[in-house]
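Chemist: Following this line is run15.pdb, made up of PDB, C-alpha atoms:
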```
ATOM      1  CA  GLU Z  96    -146.815 -27.853  56.031
ATOM      2  CA  VAL Z  97    -144.535 -25.548  57.994
ATOM      3  CA  GLN Z  98    -142.733 -23.043  55.801
ATOM      4  CA  LEU Z  99    -140.312 -20.352  56.886
ATOM      5  CA  GLU Z 100    -139.037 -17.847  54.357
ATOM      6  CA  GLU Z 101    -136.216 -15.474  55.214
ATOM      7  CA  SER Z 102    -135.477 -12.267  53.369
ATOM      8  CA  GLY Z 103    -133.352  -9.164  53.701
ATOM      9  CA  GLY Z 104    -129.862 -10.606  53.388
ATOM     10  CA  ASP Z 105    -127.443  -8.417  51.441
ATOM     11  CA  LEU Z 106    -123.899  -7.149  51.023
ATOM     12  CA  VAL Z 107    -123.190  -4.428  53.577
ATOM     13  CA  GLN Z 108    -120.111  -2.530  54.667
ATOM     14  CA  PRO Z 109    -118.563  -2.991  58.115
ATOM     15  CA  GLY Z 110    -120.382  -0.818  60.615
ATOM     16  CA  GLY Z 111    -123.558  -0.922  58.549
ATOM     17  CA  SER Z 112    -127.059  -2.146  59.353
ATOM     18  CA  LEU Z 113    -129.478  -4.680  57.940
ATOM     19  CA  ARG Z 114    -132.946  -5.973  58.742
ATOM     20  CA  LEU Z 115    -133.772  -9.641  58.237
ATOM     21  CA  SER Z 116    -137.347 -10.862  58.125
ATOM     22  CA  CYS Z 117    -138.911 -14.310  58.310
ATOM     23  CA  SER Z 118    -142.450 -15.078  57.176
ATOM     24  CA  ALA Z 119    -144.139 -18.170  58.579
ATOM     25  CA  VAL Z 120    -147.004 -20.283  57.271
ATOM     26  CA  GLY Z 121    -148.454 -23.659  58.040
ATOM     27  CA  PHE Z 122    -148.670 -23.468  61.840
ATOM     28  CA  ARG Z 123    -150.118 -21.352  64.643
ATOM     29  CA  PHE Z 124    -147.289 -18.853  64.758
ATOM     30  CA  SER Z 125    -148.257 -17.260  68.086
ATOM     31  CA  ASP Z 126    -147.845 -20.615  69.867
ATOM     32  CA  TYR Z 127    -144.132 -21.113  69.223
ATOM     33  CA  GLY Z 128    -140.780 -19.710  70.160
ATOM     34  CA  MET Z 129    -138.664 -18.594  67.225
ATOM     35  CA  TYR Z 130    -134.920 -18.357  66.710
ATOM     36  CA  TRP Z 131    -132.229 -17.060  64.410
ATOM     37  CA  VAL Z 132    -129.224 -19.329  63.813
ATOM     38  CA  ARG Z 133    -126.315 -18.602  61.500
ATOM     39  CA  HIS Z 134    -123.804 -20.618  59.518
ATOM     40  CA  ALA Z 135    -120.591 -18.850  58.629
ATOM     41  CA  PRO Z 136    -118.418 -20.125  55.759
ATOM     42  CA  GLY Z 137    -116.239 -22.999  56.910
ATOM     43  CA  LYS Z 138    -117.728 -22.993  60.403
ATOM     44  CA  GLY Z 139    -120.511 -24.734  62.297
ATOM     45  CA  LEU Z 140    -124.001 -23.669  63.263
ATOM     46  CA  GLU Z 141    -124.283 -20.849  65.798
ATOM     47  CA  PHE Z 142    -127.268 -19.603  67.821
ATOM     48  CA  VAL Z 143    -127.902 -15.868  67.360
ATOM     49  CA  ALA Z 144    -131.184 -14.848  69.021
ATOM     50  CA  ALA Z 145    -134.397 -16.245  70.458
ATOM     51  CA  ILE Z 146    -137.863 -14.887  71.186
ATOM     52  CA  SER Z 147    -140.682 -16.589  73.066
ATOM     53  CA  SER Z 148    -144.148 -17.087  71.630
ATOM     54  CA  ASN Z 149    -145.561 -13.821  73.038
ATOM     55  CA  GLY Z 150    -142.309 -11.900  72.741
ATOM     56  CA  GLY Z 151    -141.988 -11.637  76.509
ATOM     57  CA  SER Z 152    -138.649 -13.469  76.697
ATOM     58  CA  ILE Z 153    -135.742 -12.569  74.452
ATOM     59  CA  TYR Z 154    -132.228 -13.962  74.452
ATOM     60  CA  TYR Z 155    -129.080 -13.227  72.497
ATOM     61  CA  ALA Z 156    -125.705 -14.796  71.932
ATOM     62  CA  ASP Z 157    -122.982 -12.798  73.672
ATOM     63  CA  PHE Z 158    -121.365 -11.812  70.388
ATOM     64  CA  VAL Z 159    -124.481  -9.981  69.131
ATOM     65  CA  ARG Z 160    -125.894  -8.529  72.340
ATOM     66  CA  GLY Z 161    -126.230  -4.775  71.990
ATOM     67  CA  ARG Z 162    -125.894  -4.923  68.198
ATOM     68  CA  PHE Z 163    -128.814  -7.135  67.111
ATOM     69  CA  THR Z 164    -132.495  -6.929  68.075
ATOM     70  CA  ILE Z 165    -135.035  -9.710  67.583
ATOM     71  CA  SER Z 166    -138.750  -8.956  67.419
ATOM     72  CA  ARG Z 167    -141.943 -10.597  66.225
ATOM     73  CA  ASP Z 168    -145.379  -9.598  64.983
ATOM     74  CA  ASN Z 169    -147.833 -12.392  65.682
ATOM     75  CA  SER Z 170    -150.580 -10.695  63.664
ATOM     76  CA  LYS Z 171    -148.357 -10.764  60.568
ATOM     77  CA  LYS Z 172    -146.654 -14.070  61.429
ATOM     78  CA  THR Z 173    -143.213 -12.588  61.079
ATOM     79  CA  VAL Z 174    -140.030 -12.557  63.106
ATOM     80  CA  ASN Z 175    -137.334  -9.983  62.453
ATOM     81  CA  LEU Z 176    -133.677  -9.457  63.211
ATOM     82  CA  GLU Z 177    -132.378  -5.905  63.216
ATOM     83  CA  MET Z 178    -128.621  -5.975  62.792
ATOM     84  CA  SER Z 179    -126.403  -2.961  63.434
ATOM     85  CA  ARG Z 180    -122.679  -2.260  63.769
ATOM     86  CA  LEU Z 181    -122.065  -5.237  61.536
ATOM     87  CA  ARG Z 182    -118.618  -6.808  61.477
ATOM     88  CA  THR Z 183    -116.890  -8.941  58.881
ATOM     89  CA  ASP Z 184    -117.255 -11.980  61.147
ATOM     90  CA  ASP Z 185    -121.064 -11.577  60.995
ATOM     91  CA  THR Z 186    -120.855 -12.847  57.405
ATOM     92  CA  ALA Z 187    -123.024 -15.972  57.316
ATOM     93  CA  LEU Z 188    -126.191 -17.597  56.091
ATOM     94  CA  TYR Z 189    -128.903 -16.664  58.602
ATOM     95  CA  TYR Z 190    -131.643 -19.201  59.293
ATOM     96  CA  CYS Z 191    -135.057 -18.595  60.826
ATOM     97  CA  VAL Z 192    -136.051 -21.518  63.041
ATOM     98  CA  LYS Z 193    -139.264 -22.674  64.744
ATOM     99  CA  ASP Z 194    -139.313 -24.437  68.102
ATOM    100  CA  ARG Z 195    -140.620 -27.983  68.247
ATOM    101  CA  ILE Z 196    -142.968 -27.019  71.109
ATOM    102  CA  ARG Z 197    -143.920 -23.707  72.697
ATOM    103  CA  TRP Z 198    -140.422 -23.271  74.181
ATOM    104  CA  SER Z 199    -137.121 -25.111  74.448
ATOM    105  CA  GLY Z 200    -138.166 -28.256  72.613
ATOM    106  CA  GLY Z 201    -135.479 -28.279  69.967
ATOM    107  CA  PHE Z 202    -135.060 -26.420  66.698
ATOM    108  CA  GLU Z 203    -137.632 -28.259  64.622
ATOM    109  CA  SER Z 204    -138.204 -26.375  61.361
ATOM    110  CA  TRP Z 205    -135.687 -24.289  59.461
ATOM    111  CA  GLY Z 206    -135.967 -21.888  56.549
ATOM    112  CA  GLN Z 207    -133.563 -21.984  53.622
ATOM    113  CA  GLY Z 208    -131.598 -19.044  54.995
ATOM    114  CA  THR Z 209    -130.741 -15.569  53.779
ATOM    115  CA  PRO Z 210    -127.098 -14.616  53.114
ATOM    116  CA  VAL Z 211    -125.436 -11.701  54.864
ATOM    117  CA  THR Z 212    -122.035 -10.548  53.618
ATOM    118  CA  VAL Z 213    -120.168  -7.868  55.532
ATOM    119  CA  SER Z 214    -117.298  -6.541  53.466
ATOM    120  CA  SER Z 215    -115.796  -3.287  52.280
TER
ATOM    121  CA  GLU T 143    -121.128 -22.210  79.694
ATOM    122  CA  ILE T 144    -121.559 -25.677  78.187
ATOM    123  CA  VAL T 145    -119.186 -26.691  75.391
ATOM    124  CA  LEU T 146    -120.069 -29.601  73.107
ATOM    125  CA  THR T 147    -117.227 -31.593  71.540
ATOM    126  CA  GLN T 148    -118.026 -33.960  68.688
ATOM    127  CA  SER T 149    -115.879 -36.824  67.509
ATOM    128  CA  PRO T 150    -114.620 -37.875  65.114
ATOM    129  CA  GLY T 151    -114.370 -34.871  62.839
ATOM    130  CA  THR T 152    -114.863 -37.049  59.776
ATOM    131  CA  LEU T 153    -116.169 -40.578  59.321
ATOM    132  CA  SER T 154    -115.403 -42.360  56.050
ATOM    133  CA  LEU T 155    -117.878 -45.186  55.554
ATOM    134  CA  SER T 156    -119.640 -47.168  52.844
ATOM    135  CA  PRO T 157    -123.369 -47.496  52.218
ATOM    136  CA  GLY T 158    -124.721 -50.228  54.460
ATOM    137  CA  ASP T 159    -122.208 -49.482  57.248
ATOM    138  CA  THR T 160    -123.106 -48.256  60.717
ATOM    139  CA  ALA T 161    -122.034 -44.752  61.769
ATOM    140  CA  THR T 162    -121.416 -43.955  65.422
ATOM    141  CA  LEU T 163    -121.093 -40.256  66.242
ATOM    142  CA  SER T 164    -120.121 -38.961  69.664
ATOM    143  CA  CYS T 165    -120.976 -35.724  71.448
ATOM    144  CA  ARG T 166    -119.447 -34.911  74.813
ATOM    145  CA  ALA T 167    -120.612 -32.015  76.974
ATOM    146  CA  SER T 168    -118.374 -30.071  79.341
ATOM    147  CA  GLN T 169    -121.047 -30.348  82.042
ATOM    148  CA  THR T 170    -124.246 -32.243  82.706
ATOM    149  CA  PHE T 171    -127.437 -31.120  80.958
ATOM    150  CA  THR T 172    -130.696 -30.429  82.668
ATOM    151  CA  ARG T 173    -133.616 -32.408  81.262
ATOM    152  CA  GLY T 174    -131.468 -34.150  78.669
ATOM    153  CA  SER T 175    -132.134 -31.348  76.191
ATOM    154  CA  LEU T 176    -129.789 -32.664  73.514
ATOM    155  CA  ALA T 177    -130.644 -32.686  69.815
ATOM    156  CA  TRP T 178    -129.005 -33.964  66.659
ATOM    157  CA  TYR T 179    -129.331 -32.337  63.228
ATOM    158  CA  GLN T 180    -128.406 -33.422  59.730
ATOM    159  CA  HIS T 181    -127.097 -30.717  57.423
ATOM    160  CA  LYS T 182    -126.482 -31.109  53.708
ATOM    161  CA  ALA T 183    -124.832 -28.437  51.588
ATOM    162  CA  GLY T 184    -127.377 -26.021  50.158
ATOM    163  CA  GLN T 185    -130.182 -27.317  52.340
ATOM    164  CA  ALA T 186    -131.706 -26.350  55.644
ATOM    165  CA  PRO T 187    -130.613 -28.375  58.681
ATOM    166  CA  ARG T 188    -133.014 -31.144  59.674
ATOM    167  CA  LEU T 189    -133.899 -32.093  63.238
ATOM    168  CA  LEU T 190    -133.297 -35.826  63.726
ATOM    169  CA  ILE T 191    -133.301 -36.428  67.481
ATOM    170  CA  TYR T 192    -134.509 -34.412  70.489
ATOM    171  CA  GLY T 193    -134.414 -35.180  74.190
ATOM    172  CA  ALA T 194    -131.289 -37.244  73.444
ATOM    173  CA  ILE T 195    -133.303 -40.301  72.359
ATOM    174  CA  SER T 196    -136.562 -39.283  70.640
ATOM    175  CA  ARG T 197    -136.803 -39.312  66.850
ATOM    176  CA  ALA T 198    -138.371 -36.280  65.236
ATOM    177  CA  THR T 199    -141.409 -36.694  63.007
ATOM    178  CA  GLY T 200    -140.647 -38.542  59.784
ATOM    179  CA  VAL T 201    -137.098 -39.582  60.720
ATOM    180  CA  PRO T 202    -136.306 -43.187  59.703
ATOM    181  CA  ASP T 203    -135.704 -45.670  62.505
ATOM    182  CA  ARG T 204    -132.142 -46.312  61.311
ATOM    183  CA  PHE T 205    -131.337 -43.083  63.197
ATOM    184  CA  SER T 206    -131.128 -43.554  66.949
ATOM    185  CA  GLY T 207    -129.906 -41.421  69.815
ATOM    186  CA  SER T 208    -128.580 -42.538  73.167
ATOM    187  CA  GLY T 209    -126.734 -41.250  76.181
ATOM    188  CA  SER T 210    -127.221 -39.073  79.214
ATOM    189  CA  GLY T 211    -125.278 -36.819  81.523
ATOM    190  CA  THR T 212    -122.336 -35.648  79.455
ATOM    191  CA  ASP T 213    -121.963 -38.369  76.807
ATOM    192  CA  PHE T 214    -124.330 -38.738  73.875
ATOM    193  CA  THR T 215    -124.289 -40.828  70.715
ATOM    194  CA  LEU T 216    -126.034 -40.732  67.361
ATOM    195  CA  THR T 217    -126.069 -44.086  65.589
ATOM    196  CA  ILE T 218    -126.997 -44.424  61.933
ATOM    197  CA  SER T 219    -127.560 -48.044  60.973
ATOM    198  CA  ARG T 220    -127.404 -49.313  57.397
ATOM    199  CA  LEU T 221    -126.166 -46.068  55.877
ATOM    200  CA  GLU T 222    -128.134 -44.944  52.827
ATOM    201  CA  PRO T 223    -126.605 -42.709  50.117
ATOM    202  CA  GLU T 224    -128.738 -39.798  51.327
ATOM    203  CA  ASP T 225    -127.276 -40.066  54.860
ATOM    204  CA  PHE T 226    -123.873 -38.711  53.863
ATOM    205  CA  ALA T 227    -123.879 -35.225  55.393
ATOM    206  CA  VAL T 228    -122.657 -33.191  58.349
ATOM    207  CA  TYR T 229    -124.234 -33.945  61.728
ATOM    208  CA  TYR T 230    -124.405 -31.529  64.658
ATOM    209  CA  CYS T 231    -125.306 -32.088  68.269
ATOM    210  CA  HIS T 232    -126.981 -29.202  70.084
ATOM    211  CA  GLN T 233    -128.010 -28.292  73.618
ATOM    212  CA  TYR T 234    -131.260 -26.338  73.472
ATOM    213  CA  GLY T 235    -132.330 -26.051  77.159
ATOM    214  CA  ASP T 236    -134.282 -23.206  78.728
ATOM    215  CA  SER T 237    -131.925 -20.324  78.068
ATOM    216  CA  PRO T 238    -128.929 -19.623  75.843
ATOM    217  CA  PRO T 239    -126.217 -19.880  74.700
ATOM    218  CA  TYR T 240    -127.675 -23.051  73.118
ATOM    219  CA  PRO T 241    -124.306 -24.375  71.913
ATOM    220  CA  PHE T 242    -123.787 -26.586  68.896
ATOM    221  CA  GLY T 243    -120.982 -29.083  68.495
ATOM    222  CA  GLN T 244    -118.497 -28.398  65.724
ATOM    223  CA  GLY T 245    -119.983 -31.125  63.531
ATOM    224  CA  THR T 246    -119.064 -34.578  62.246
ATOM    225  CA  LYS T 247    -118.889 -35.120  58.511
ATOM    226  CA  VAL T 248    -120.011 -38.542  57.345
ATOM    227  CA  GLU T 249    -118.477 -39.086  53.923
ATOM    228  CA  ILE T 250    -118.491 -41.887  51.398
ATOM    229  CA  LYS T 251    -115.401 -44.084  51.631
TER
END
```
Mind turning this structure into structure tokens?

Modeler:
Amino acid sequence: EVQLEESGGDLVQPGGSLRLSCSAVGFRFSDYGMYWVRHAPGKGLEFVAAISSNGGSIYYADFVRGRFTISRDNSKKTVNLEMSRLRTDDTALYYCVKDRIRWSGGFESWGQGTPVTVSS
Amino acid sequence: EIVLTQSPGTLSLSPGDTATLSCRASQTFTRGSLAWYQHKAGQAPRLLIYGAISRATGVPDRFSGSGSGTDFTLTISRLEPEDFAVYYCHQYGDSPPYPFGQGTKVEIK
């Protein structure tokens, strides 16, 4: 069974930094693209960042480019999101997501999310 | 940049009814890379449909997707109590921004 477990969410002040991690079990991690998607209070789902199976292709939403960095460690089966220069509108539940196939097959499996609150 | 517009915002229906949810794209997709997700409060979103028409593993056949080009539909036949949730369409393609629609809430009438 595919399981994704996010961690690292916290309360942080505007301008601060945070590192989110996602641990994966139940599938061959190195075969799949991985994503971060967020859900802000009262809003819809929003793509944040993507990384291909070998880490060779990385994409970001415009609103996080230059502030967030996605990475993965296939030996540890983890994907991370380094977040810096956080803003109040980054407040959201952040989900780790597995692709349905190696790449661009749909967002098949989701973790339960880790909450990030940016507030002074 | 593709924008997805879902309608209606809210559907008020009774168990046993049929729900018809619409998703309109601002431009044509390549490869029909349109997905639908179900999202319940406090739970992770669930992939229902990919490739506009294909059901994901384990999804009941009362969920069906249709459409192409810029107009897509999710139909839920014979609504069960557990189907009342928020539904999102999503364009996943080859490269971002991978937009989501704003969601349609299916609520109990």

Chemist: Could you give me, as CSV, every chain T residue with an atom at most 7 Å from chain Z, plus its closest atom pair and distance in Å to one decimal, counting all atoms listed in the file, rows ordered by chain then number?

Modeler:
```
residue,atom,partner,partner_atom,distance
T:Ala177,CA,Z:Gly201,CA,6.5
T:Gln185,CA,Z:Gln207,CA,6.4
T:Ala186,CA,Z:Gln207,CA,5.2
T:Pro187,CA,Z:Trp205,CA,6.6
T:Leu189,CA,Z:Glu203,CA,5.5
T:Tyr192,CA,Z:Gly201,CA,6.2
T:Tyr234,CA,Z:Gly201,CA,5.8
T:Gly235,CA,Z:Ser199,CA,5.6
T:Asp236,CA,Z:Ser199,CA,5.5
T:Pro238,CA,Z:Tyr154,CA,6.7
T:Pro239,CA,Z:Ala156,CA,5.8
T:Tyr240,CA,Z:Phe142,CA,6.3
T:Pro241,CA,Z:Phe142,CA,6.9
T:Phe242,CA,Z:Leu140,CA,6.3
T:Gln244,CA,Z:Gly139,CA,5.4
T:Gly245,CA,Z:Gly139,CA,6.5
```

Chemist: Residues of the last selection are to be written out with C-alpha atoms, as a short mmCIF file (atom, residue, chain, number, x, y, z; two decimals), in the frame of the given file.

Modeler:
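The result, written out as part.cif:
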```cif
data_model
loop_
_atom_site.label_atom_id
_atom_site.label_comp_id
_atom_site.auth_asym_id
_atom_site.auth_seq_id
_atom_site.Cartn_x
_atom_site.Cartn_y
_atom_site.Cartn_z
CA ALA T 177 -130.64 -32.69 69.82
CA GLN T 185 -130.18 -27.32 52.34
CA ALA T 186 -131.71 -26.35 55.64
CA PRO T 187 -130.61 -28.38 58.68
CA LEU T 189 -133.90 -32.09 63.24
CA TYR T 192 -134.51 -34.41 70.49
CA TYR T 234 -131.26 -26.34 73.47
CA GLY T 235 -132.33 -26.05 77.16
CA ASP T 236 -134.28 -23.21 78.73
CA PRO T 238 -128.93 -19.62 75.84
CA PRO T 239 -126.22 -19.88 74.70
CA TYR T 240 -127.68 -23.05 73.12
CA PRO T 241 -124.31 -24.38 71.91
CA PHE T 242 -123.79 -26.59 68.90
CA GLN T 244 -118.50 -28.40 65.72
CA GLY T 245 -119.98 -31.12 63.53
#
```

Chemist: Could you tell me, as a PyMOL selection string, which residues have any atom at most 9 Å from (-123.0, -46.0, 51.3), counting all atoms listed in the file?

Modeler: chain T and resi 155-159+220-226+249-251

Chemist: Could you tell me which residues the PyMOL selection byres ((chain T and resi 230) around 7) returns for this structure, as a list in words?

Modeler: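 For this structure, the PyMOL selection byres ((chain T and resi 230) around 7) captures Trp178, Tyr179, Gln180, Val228, Tyr229, Cys231, His232, Phe242, Gly243, Gln244, Gly245 and Thr246 of chain T.
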
Chemist: Write the residues of the selection above to a file with C-alpha atoms, as an mmCIF file, keeping the file's coordinate frame.

Modeler:
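Just written: part-v7.cif:
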```cif
data_model
loop_
_atom_site.group_PDB
_atom_site.id
_atom_site.type_symbol
_atom_site.label_atom_id
_atom_site.label_comp_id
_atom_site.auth_asym_id
_atom_site.auth_seq_id
_atom_site.Cartn_x
_atom_site.Cartn_y
_atom_site.Cartn_z
ATOM 1 C CA TRP T 178 -129.005 -33.964 66.659
ATOM 2 C CA TYR T 179 -129.331 -32.337 63.228
ATOM 3 C CA GLN T 180 -128.406 -33.422 59.730
ATOM 4 C CA VAL T 228 -122.657 -33.191 58.349
ATOM 5 C CA TYR T 229 -124.234 -33.945 61.728
ATOM 6 C CA CYS T 231 -125.306 -32.088 68.269
ATOM 7 C CA HIS T 232 -126.981 -29.202 70.084
ATOM 8 C CA PHE T 242 -123.787 -26.586 68.896
ATOM 9 C CA GLY T 243 -120.982 -29.083 68.495
ATOM 10 C CA GLN T 244 -118.497 -28.398 65.724
ATOM 11 C CA GLY T 245 -119.983 -31.125 63.531
ATOM 12 C CA THR T 246 -119.064 -34.578 62.246
#
```

Chemist: Within 9 Å of region 164-171 of chain T, counting all atoms listed in the file, which residues qualify if same-chain residues fewer than 2 places away don't, as a ChimeraX atom specification?

Modeler: /T:143-150,162,173-176,210-217,230-233,235,243,246

Chemist: Mind telling me what the PyMOL selection byres ((chain Z and resi 108) around 12) catches here, as number ranges by chain?

Modeler: Z: 105-107, 109-113, 179-186, 211-215

Chemist: Using all atoms listed in the file, which of the listed residues (Z:Arg123, Z:Arg197, Z:Arg167, Z:Arg114) sits closest to Gly150 (chain Z)?

Modeler: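 Under the stated criterion, the closest residue is Z:Arg167.
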